[in-house]
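Trainee: Sharing input22.tsv below, TSV, N, CA, C and O atoms:
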```
chain	number	residue	atom	x	y	z
A	2	MET	N	0.84	-1.17	0.00
A	2	MET	CA	0.00	0.00	0.00
A	2	MET	C	0.88	1.24	0.00
A	2	MET	O	1.92	1.26	0.55
A	3	GLY	N	0.50	2.31	-0.51
A	3	GLY	CA	1.35	3.49	-0.63
A	3	GLY	C	1.39	4.36	0.61
A	3	GLY	O	1.40	3.89	1.73
A	4	LYS	N	1.42	5.61	0.36
A	4	LYS	CA	1.51	6.62	1.41
A	4	LYS	C	0.28	6.59	2.31
A	4	LYS	O	-0.80	6.23	1.90
A	5	ASN	N	0.50	7.00	3.53
A	5	ASN	CA	-0.57	7.08	4.52
A	5	ASN	C	-1.69	7.98	4.02
A	5	ASN	O	-1.45	9.10	3.59
A	6	LEU	N	-2.93	7.52	4.06
A	6	LEU	CA	-4.05	8.29	3.56
A	6	LEU	C	-4.80	9.06	4.64
A	6	LEU	O	-5.77	9.73	4.36
A	7	VAL	N	-4.35	8.94	5.90
A	7	VAL	CA	-4.97	9.71	6.97
A	7	VAL	C	-4.23	11.03	7.07
A	7	VAL	O	-3.02	11.06	7.27
A	8	SER	N	-4.94	12.12	6.90
A	8	SER	CA	-4.34	13.45	6.96
A	8	SER	C	-5.07	14.28	8.01
A	8	SER	O	-6.07	13.84	8.57
A	9	ASN	N	-4.58	15.48	8.25
A	9	ASN	CA	-5.18	16.29	9.30
A	9	ASN	C	-4.99	17.78	9.04
A	9	ASN	O	-4.24	18.18	8.16
A	10	HIS	N	-5.68	18.55	9.84
A	10	HIS	CA	-5.60	20.02	9.79
A	10	HIS	C	-4.97	20.57	11.07
A	10	HIS	O	-5.23	21.70	11.45
A	11	ILE	N	-4.14	19.79	11.74
A	11	ILE	CA	-3.61	20.17	13.04
A	11	ILE	C	-2.83	21.49	12.97
A	11	ILE	O	-3.04	22.37	13.80
A	12	ARG	N	-1.96	21.62	12.01
A	12	ARG	CA	-1.14	22.85	11.93
A	12	ARG	C	-2.03	24.08	11.82
A	12	ARG	O	-1.83	25.07	12.52
A	13	LYS	N	-2.99	24.03	10.91
A	13	LYS	CA	-3.91	25.16	10.72
A	13	LYS	C	-4.72	25.43	11.99
A	13	LYS	O	-4.91	26.58	12.39
A	14	LEU	N	-5.17	24.37	12.63
A	14	LEU	CA	-5.96	24.53	13.85
A	14	LEU	C	-5.13	25.13	14.98
A	14	LEU	O	-5.63	25.98	15.74
A	15	ARG	N	-3.87	24.72	15.10
A	15	ARG	CA	-3.01	25.32	16.12
A	15	ARG	C	-2.88	26.82	15.89
A	15	ARG	O	-2.98	27.61	16.82
A	16	PHE	N	-2.66	27.19	14.65
A	16	PHE	CA	-2.50	28.61	14.32
A	16	PHE	C	-3.77	29.38	14.66
A	16	PHE	O	-3.70	30.49	15.19
A	17	ASN	N	-4.91	28.79	14.37
A	17	ASN	CA	-6.19	29.46	14.62
A	17	ASN	C	-6.61	29.45	16.09
A	17	ASN	O	-7.58	30.10	16.45
A	18	HIS	N	-5.91	28.71	16.92
A	18	HIS	CA	-6.19	28.67	18.35
A	18	HIS	C	-5.07	29.41	19.09
A	18	HIS	O	-4.24	28.81	19.77
A	19	ASP	N	-5.04	30.70	18.90
A	19	ASP	CA	-4.05	31.58	19.55
A	19	ASP	C	-2.62	31.16	19.27
A	19	ASP	O	-1.75	31.25	20.14
A	20	GLU	N	-2.38	30.67	18.06
A	20	GLU	CA	-1.05	30.25	17.64
A	20	GLU	C	-0.41	29.29	18.66
A	20	GLU	O	0.73	29.44	19.07
A	21	MET	N	-1.21	28.29	19.03
A	21	MET	CA	-0.75	27.24	19.95
A	21	MET	C	0.50	26.58	19.40
A	21	MET	O	0.59	26.27	18.21
A	22	THR	N	1.49	26.37	20.26
A	22	THR	CA	2.71	25.71	19.81
A	22	THR	C	2.50	24.19	19.75
A	22	THR	O	1.56	23.66	20.35
A	23	GLN	N	3.41	23.54	19.07
A	23	GLN	CA	3.37	22.08	19.03
A	23	GLN	C	3.53	21.52	20.44
A	23	GLN	O	2.86	20.56	20.80
A	24	GLN	N	4.39	22.14	21.24
A	24	GLN	CA	4.60	21.67	22.60
A	24	GLN	C	3.36	21.84	23.45
A	24	GLN	O	3.01	20.96	24.24
A	25	GLN	N	2.66	22.95	23.31
A	25	GLN	CA	1.43	23.17	24.07
A	25	GLN	C	0.39	22.12	23.74
A	25	GLN	O	-0.27	21.58	24.63
A	26	LEU	N	0.24	21.81	22.45
A	26	LEU	CA	-0.72	20.77	22.06
A	26	LEU	C	-0.28	19.42	22.59
A	26	LEU	O	-1.09	18.65	23.12
A	27	ALA	N	1.01	19.12	22.46
A	27	ALA	CA	1.53	17.85	22.95
A	27	ALA	C	1.25	17.69	24.45
A	27	ALA	O	0.79	16.62	24.89
A	28	ASP	N	1.50	18.73	25.21
A	28	ASP	CA	1.24	18.68	26.66
A	28	ASP	C	-0.24	18.46	26.95
A	28	ASP	O	-0.61	17.71	27.84
A	29	LYS	N	-1.07	19.11	26.17
A	29	LYS	CA	-2.51	19.04	26.38
A	29	LYS	C	-3.06	17.63	26.12
A	29	LYS	O	-4.00	17.19	26.79
A	30	VAL	N	-2.48	16.93	25.14
A	30	VAL	CA	-3.00	15.60	24.78
A	30	VAL	C	-2.13	14.45	25.28
A	30	VAL	O	-2.46	13.28	25.07
A	31	GLY	N	-1.02	14.76	25.96
A	31	GLY	CA	-0.21	13.73	26.59
A	31	GLY	C	0.73	12.97	25.68
A	31	GLY	O	0.92	11.76	25.86
A	32	VAL	N	1.32	13.67	24.71
A	32	VAL	CA	2.32	13.04	23.84
A	32	VAL	C	3.53	13.95	23.76
A	32	VAL	O	3.55	15.04	24.33
A	33	THR	N	4.55	13.54	23.03
A	33	THR	CA	5.74	14.38	22.85
A	33	THR	C	5.52	15.35	21.69
A	33	THR	O	4.65	15.12	20.83
A	34	ARG	N	6.31	16.39	21.67
A	34	ARG	CA	6.25	17.35	20.56
A	34	ARG	C	6.60	16.64	19.25
A	34	ARG	O	6.02	16.94	18.21
A	35	GLN	N	7.50	15.68	19.31
A	35	GLN	CA	7.89	14.95	18.10
A	35	GLN	C	6.71	14.19	17.50
A	35	GLN	O	6.61	14.05	16.28
A	36	THR	N	5.80	13.73	18.35
A	36	THR	CA	4.59	13.06	17.84
A	36	THR	C	3.73	14.05	17.07
A	36	THR	O	3.22	13.72	15.99
A	37	ILE	N	3.59	15.26	17.58
A	37	ILE	CA	2.80	16.28	16.89
A	37	ILE	C	3.46	16.63	15.56
A	37	ILE	O	2.78	16.76	14.54
A	38	VAL	N	4.79	16.75	15.56
A	38	VAL	CA	5.52	17.03	14.32
A	38	VAL	C	5.24	15.94	13.29
A	38	VAL	O	4.92	16.22	12.13
A	39	ALA	N	5.34	14.68	13.70
A	39	ALA	CA	5.11	13.55	12.79
A	39	ALA	C	3.68	13.55	12.27
A	39	ALA	O	3.44	13.27	11.08
A	40	LEU	N	2.71	13.87	13.13
A	40	LEU	CA	1.31	13.94	12.69
A	40	LEU	C	1.13	15.02	11.64
A	40	LEU	O	0.50	14.81	10.61
A	41	GLU	N	1.67	16.21	11.92
A	41	GLU	CA	1.50	17.33	10.99
A	41	GLU	C	2.15	17.05	9.64
A	41	GLU	O	1.64	17.48	8.61
A	42	LYS	N	3.26	16.33	9.64
A	42	LYS	CA	3.95	16.01	8.39
A	42	LYS	C	3.30	14.84	7.65
A	42	LYS	O	3.67	14.54	6.53
A	43	GLY	N	2.36	14.17	8.30
A	43	GLY	CA	1.71	13.02	7.68
A	43	GLY	C	2.54	11.76	7.74
A	43	GLY	O	2.30	10.80	7.02
A	44	ASN	N	3.52	11.74	8.64
A	44	ASN	CA	4.38	10.56	8.78
A	44	ASN	C	3.85	9.56	9.79
A	44	ASN	O	4.44	8.50	9.98
A	45	TYR	N	2.76	9.90	10.46
A	45	TYR	CA	2.25	9.07	11.54
A	45	TYR	C	0.74	9.21	11.61
A	45	TYR	O	0.21	10.31	11.52
A	46	SER	N	0.06	8.09	11.76
A	46	SER	CA	-1.39	8.10	11.98
A	46	SER	C	-1.63	7.86	13.46
A	46	SER	O	-1.10	6.91	14.03
A	47	PRO	N	-2.44	8.69	14.09
A	47	PRO	CA	-2.66	8.54	15.53
A	47	PRO	C	-3.55	7.35	15.83
A	47	PRO	O	-4.33	6.91	14.98
A	48	SER	N	-3.46	6.89	17.06
A	48	SER	CA	-4.43	5.90	17.53
A	48	SER	C	-5.79	6.59	17.58
A	48	SER	O	-5.86	7.83	17.57
A	49	LEU	N	-6.82	5.82	17.64
A	49	LEU	CA	-8.15	6.40	17.73
A	49	LEU	C	-8.28	7.26	18.98
A	49	LEU	O	-8.83	8.36	18.95
A	50	GLU	N	-7.74	6.77	20.08
A	50	GLU	CA	-7.80	7.53	21.34
A	50	GLU	C	-7.09	8.88	21.21
A	50	GLU	O	-7.61	9.92	21.62
A	51	LEU	N	-5.89	8.88	20.63
A	51	LEU	CA	-5.15	10.13	20.46
A	51	LEU	C	-5.88	11.07	19.51
A	51	LEU	O	-5.95	12.28	19.75
A	52	ALA	N	-6.45	10.53	18.45
A	52	ALA	CA	-7.22	11.36	17.51
A	52	ALA	C	-8.37	12.07	18.23
A	52	ALA	O	-8.60	13.28	18.04
A	53	PHE	N	-9.07	11.34	19.09
A	53	PHE	CA	-10.16	11.96	19.86
A	53	PHE	C	-9.64	13.01	20.84
A	53	PHE	O	-10.25	14.06	21.01
A	54	ARG	N	-8.50	12.73	21.48
A	54	ARG	CA	-7.94	13.71	22.42
A	54	ARG	C	-7.54	14.99	21.71
A	54	ARG	O	-7.75	16.10	22.22
A	55	ILE	N	-6.98	14.86	20.51
A	55	ILE	CA	-6.60	16.04	19.74
A	55	ILE	C	-7.84	16.82	19.32
A	55	ILE	O	-7.89	18.04	19.46
A	56	ALA	N	-8.84	16.14	18.82
A	56	ALA	CA	-10.09	16.81	18.42
A	56	ALA	C	-10.70	17.52	19.63
A	56	ALA	O	-11.16	18.67	19.52
A	57	HIS	N	-10.68	16.86	20.78
A	57	HIS	CA	-11.24	17.46	22.01
A	57	HIS	C	-10.43	18.71	22.41
A	57	HIS	O	-11.01	19.69	22.88
A	58	ALA	N	-9.12	18.68	22.21
A	58	ALA	CA	-8.27	19.83	22.55
A	58	ALA	C	-8.68	21.07	21.75
A	58	ALA	O	-8.56	22.20	22.22
A	59	PHE	N	-9.17	20.85	20.54
A	59	PHE	CA	-9.64	21.95	19.70
A	59	PHE	C	-11.15	22.17	19.81
A	59	PHE	O	-11.70	23.04	19.14
A	60	ASN	N	-11.80	21.34	20.62
A	60	ASN	CA	-13.25	21.43	20.80
A	60	ASN	C	-13.98	21.27	19.47
A	60	ASN	O	-14.92	22.02	19.15
A	61	LEU	N	-13.52	20.29	18.69
A	61	LEU	CA	-14.09	20.01	17.36
A	61	LEU	C	-14.40	18.54	17.22
A	61	LEU	O	-13.79	17.70	17.88
A	62	PRO	N	-15.34	18.20	16.33
A	62	PRO	CA	-15.58	16.78	16.02
A	62	PRO	C	-14.35	16.20	15.31
A	62	PRO	O	-13.62	16.92	14.62
A	63	LEU	N	-14.15	14.93	15.48
A	63	LEU	CA	-13.01	14.22	14.91
A	63	LEU	C	-12.84	14.51	13.41
A	63	LEU	O	-11.73	14.76	12.94
A	64	GLU	N	-13.95	14.49	12.66
A	64	GLU	CA	-13.87	14.65	11.21
A	64	GLU	C	-13.50	16.06	10.76
A	64	GLU	O	-13.20	16.28	9.59
A	65	GLU	N	-13.47	17.02	11.69
A	65	GLU	CA	-13.01	18.36	11.33
A	65	GLU	C	-11.51	18.53	11.57
A	65	GLU	O	-10.93	19.52	11.17
A	66	VAL	N	-10.91	17.53	12.21
A	66	VAL	CA	-9.47	17.55	12.46
A	66	VAL	C	-8.75	16.57	11.53
A	66	VAL	O	-7.73	16.89	10.94
A	67	PHE	N	-9.32	15.37	11.39
A	67	PHE	CA	-8.72	14.32	10.58
A	67	PHE	C	-9.62	13.96	9.41
A	67	PHE	O	-10.84	14.06	9.50
A	68	PHE	N	-8.98	13.53	8.33
A	68	PHE	CA	-9.75	13.06	7.18
A	68	PHE	C	-8.99	11.92	6.52
A	68	PHE	O	-7.79	11.77	6.69
A	69	TYR	N	-9.73	11.09	5.79
A	69	TYR	CA	-9.17	9.90	5.18
A	69	TYR	C	-9.36	9.98	3.67
A	69	TYR	O	-10.40	10.41	3.19
A	70	GLY	N	-8.35	9.54	2.96
A	70	GLY	CA	-8.44	9.50	1.50
A	70	GLY	C	-7.85	10.74	0.86
A	70	GLY	O	-7.18	11.53	1.49
A	71	GLU	N	-8.12	10.87	-0.41
A	71	GLU	CA	-7.58	12.01	-1.15
A	71	GLU	C	-8.36	13.25	-0.80
A	71	GLU	O	-9.57	13.30	-0.92
A	72	HIS	N	-7.65	14.25	-0.36
A	72	HIS	CA	-8.25	15.50	0.08
A	72	HIS	C	-7.17	16.55	-0.01
A	72	HIS	O	-6.06	16.34	0.44
A	73	THR	N	-7.46	17.66	-0.58
A	73	THR	CA	-6.44	18.70	-0.67
A	73	THR	C	-6.39	19.47	0.63
A	73	THR	O	-7.41	19.83	1.19
A	74	GLN	N	-5.18	19.69	1.11
A	74	GLN	CA	-4.99	20.47	2.33
A	74	GLN	C	-5.36	21.91	2.07
A	74	GLN	O	-5.08	22.45	1.01
A	75	GLU	N	-6.01	22.54	3.02
A	75	GLU	CA	-6.41	23.95	2.88
A	75	GLU	C	-5.31	24.85	3.40
A	75	GLU	O	-4.59	24.56	4.25
```
Now that the file is in, can you turn its structure into structure tokens?
Mentor:
Amino acid sequence: MGKNLVSNHIRKLRFNHDEMTQQQLADKVGVTRQTIVALEKGNYSPSLELAFRIAHAFNLPLEEVFFYGEHTQE
């Protein structure tokens, strides 16, 4: 199978939430900053639990943070 098809809007959401840093988000959801970096670059797909924690950190439904399949990043 090719490249990971799970993508996200985390970087954009961080910027729109008072320019939250990667470290601030990592602390909020209980992971390392490197995990947030990997997620934003599309190098890592989160567990379902982590995906929900990230969505909750932004007070958004899961599908507004993560998407599956071909989708152009905004």
Trainee: Work out how far apart atom N of Asn9 in chain A and atom O of Val30 in chain A are and give it in Å to one decimal.
Mentor: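 Straight-line distance from atom N of Asn9 in chain A to atom O of Val30 in chain A works out to 17.1 Å.
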Trainee: Padding 5 Å on every side, please: axis-aligned box over the listed atoms of range 32-43 of chain A, centre and edge lengths to one decimal in Å, as lines of an AutoDock Vina configuration file.
Mentor:
```
center_x = 4.2
center_y = 14.1
center_z = 15.6
size_x = 17.4
size_y = 16.7
size_z = 28.2
```
Trainee: Would you please work out which residue, of A:Ser8, A:Gln24, A:Gln35, A:Ser48, is nearest to Glu65 in chain A when using only C-alpha atoms?
Mentor: A:Ser8
Trainee: As a count of residues only, please: every residue in range 20-63 of chain A that a backbone DSSP assignment puts in helix (DSSP H, G or I).
Mentor: 28
Trainee: According to DSSP computed on the backbone, where in chain A is there strand (DSSP E or B)? Give the residues as number ranges by chain.
Mentor: A: 7-9, 67-69
Trainee: With the input short on atoms, add all heavy atoms back to range 48-59 of chain A and write it as an mmCIF file, keeping the file's coordinate frame.
Mentor:
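The resulting selection28.cif:
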```cif
data_model
loop_
_atom_site.group_PDB
_atom_site.id
_atom_site.type_symbol
_atom_site.label_atom_id
_atom_site.label_comp_id
_atom_site.auth_asym_id
_atom_site.auth_seq_id
_atom_site.Cartn_x
_atom_site.Cartn_y
_atom_site.Cartn_z
ATOM 1 N N SER A 48 -3.460 6.890 17.060
ATOM 2 C CA SER A 48 -4.430 5.900 17.530
ATOM 3 C C SER A 48 -5.790 6.590 17.580
ATOM 4 O O SER A 48 -5.860 7.830 17.570
ATOM 5 C CB SER A 48 -4.056 5.410 18.934
ATOM 6 O OG SER A 48 -4.206 6.478 19.869
ATOM 7 N N LEU A 49 -6.820 5.820 17.640
ATOM 8 C CA LEU A 49 -8.150 6.400 17.730
ATOM 9 C C LEU A 49 -8.280 7.260 18.980
ATOM 10 O O LEU A 49 -8.830 8.360 18.950
ATOM 11 C CB LEU A 49 -9.208 5.290 17.711
ATOM 12 C CG LEU A 49 -10.660 5.723 17.618
ATOM 13 C CD1 LEU A 49 -10.895 6.622 16.409
ATOM 14 C CD2 LEU A 49 -11.554 4.500 17.558
ATOM 15 N N GLU A 50 -7.740 6.770 20.080
ATOM 16 C CA GLU A 50 -7.800 7.530 21.340
ATOM 17 C C GLU A 50 -7.090 8.880 21.210
ATOM 18 O O GLU A 50 -7.610 9.920 21.620
ATOM 19 C CB GLU A 50 -7.160 6.722 22.467
ATOM 20 C CG GLU A 50 -7.165 7.458 23.794
ATOM 21 C CD GLU A 50 -6.464 6.686 24.900
ATOM 22 O OE1 GLU A 50 -6.106 5.517 24.715
ATOM 23 O OE2 GLU A 50 -6.275 7.294 25.961
ATOM 24 N N LEU A 51 -5.890 8.880 20.630
ATOM 25 C CA LEU A 51 -5.150 10.130 20.460
ATOM 26 C C LEU A 51 -5.880 11.070 19.510
ATOM 27 O O LEU A 51 -5.950 12.280 19.750
ATOM 28 C CB LEU A 51 -3.727 9.871 19.957
ATOM 29 C CG LEU A 51 -2.885 11.118 19.691
ATOM 30 C CD1 LEU A 51 -2.812 12.027 20.922
ATOM 31 C CD2 LEU A 51 -1.492 10.710 19.219
ATOM 32 N N ALA A 52 -6.450 10.530 18.450
ATOM 33 C CA ALA A 52 -7.220 11.360 17.510
ATOM 34 C C ALA A 52 -8.370 12.070 18.230
ATOM 35 O O ALA A 52 -8.600 13.280 18.040
ATOM 36 C CB ALA A 52 -7.740 10.511 16.362
ATOM 37 N N PHE A 53 -9.070 11.340 19.090
ATOM 38 C CA PHE A 53 -10.160 11.960 19.860
ATOM 39 C C PHE A 53 -9.640 13.010 20.840
ATOM 40 O O PHE A 53 -10.250 14.060 21.010
ATOM 41 C CB PHE A 53 -10.984 10.895 20.600
ATOM 42 C CG PHE A 53 -12.075 10.298 19.762
ATOM 43 C CD1 PHE A 53 -11.951 9.010 19.264
ATOM 44 C CD2 PHE A 53 -13.225 11.014 19.467
ATOM 45 C CE1 PHE A 53 -12.963 8.454 18.485
ATOM 46 C CE2 PHE A 53 -14.232 10.461 18.696
ATOM 47 C CZ PHE A 53 -14.106 9.179 18.203
ATOM 48 N N ARG A 54 -8.500 12.730 21.480
ATOM 49 C CA ARG A 54 -7.940 13.710 22.420
ATOM 50 C C ARG A 54 -7.540 14.990 21.710
ATOM 51 O O ARG A 54 -7.750 16.100 22.220
ATOM 52 C CB ARG A 54 -6.731 13.107 23.160
ATOM 53 C CG ARG A 54 -7.126 12.072 24.190
ATOM 54 C CD ARG A 54 -6.029 11.736 25.187
ATOM 55 N NE ARG A 54 -4.704 11.609 24.631
ATOM 56 C CZ ARG A 54 -4.007 10.465 24.566
ATOM 57 N NH1 ARG A 54 -4.522 9.345 25.035
ATOM 58 N NH2 ARG A 54 -2.807 10.456 24.060
ATOM 59 N N ILE A 55 -6.980 14.860 20.510
ATOM 60 C CA ILE A 55 -6.600 16.040 19.740
ATOM 61 C C ILE A 55 -7.840 16.820 19.320
ATOM 62 O O ILE A 55 -7.890 18.040 19.460
ATOM 63 C CB ILE A 55 -5.732 15.651 18.528
ATOM 64 C CG1 ILE A 55 -4.365 15.138 19.010
ATOM 65 C CG2 ILE A 55 -5.565 16.831 17.569
ATOM 66 C CD1 ILE A 55 -3.523 14.488 17.938
ATOM 67 N N ALA A 56 -8.840 16.140 18.820
ATOM 68 C CA ALA A 56 -10.090 16.810 18.420
ATOM 69 C C ALA A 56 -10.700 17.520 19.630
ATOM 70 O O ALA A 56 -11.160 18.670 19.520
ATOM 71 C CB ALA A 56 -11.070 15.807 17.830
ATOM 72 N N HIS A 57 -10.680 16.860 20.780
ATOM 73 C CA HIS A 57 -11.240 17.460 22.010
ATOM 74 C C HIS A 57 -10.430 18.710 22.410
ATOM 75 O O HIS A 57 -11.010 19.690 22.880
ATOM 76 C CB HIS A 57 -11.232 16.427 23.128
ATOM 77 C CG HIS A 57 -11.804 16.935 24.403
ATOM 78 N ND1 HIS A 57 -13.151 17.149 24.591
ATOM 79 C CD2 HIS A 57 -11.199 17.303 25.563
ATOM 80 C CE1 HIS A 57 -13.349 17.619 25.807
ATOM 81 N NE2 HIS A 57 -12.185 17.724 26.418
ATOM 82 N N ALA A 58 -9.120 18.680 22.210
ATOM 83 C CA ALA A 58 -8.270 19.830 22.550
ATOM 84 C C ALA A 58 -8.680 21.070 21.750
ATOM 85 O O ALA A 58 -8.560 22.200 22.220
ATOM 86 C CB ALA A 58 -6.803 19.505 22.295
ATOM 87 N N PHE A 59 -9.170 20.850 20.540
ATOM 88 C CA PHE A 59 -9.640 21.950 19.700
ATOM 89 C C PHE A 59 -11.150 22.170 19.810
ATOM 90 O O PHE A 59 -11.700 23.040 19.140
ATOM 91 C CB PHE A 59 -9.263 21.700 18.238
ATOM 92 C CG PHE A 59 -7.786 21.738 17.981
ATOM 93 C CD1 PHE A 59 -7.120 20.611 17.524
ATOM 94 C CD2 PHE A 59 -7.048 22.889 18.194
ATOM 95 C CE1 PHE A 59 -5.754 20.643 17.275
ATOM 96 C CE2 PHE A 59 -5.684 22.932 17.965
ATOM 97 C CZ PHE A 59 -5.034 21.805 17.505
#
```
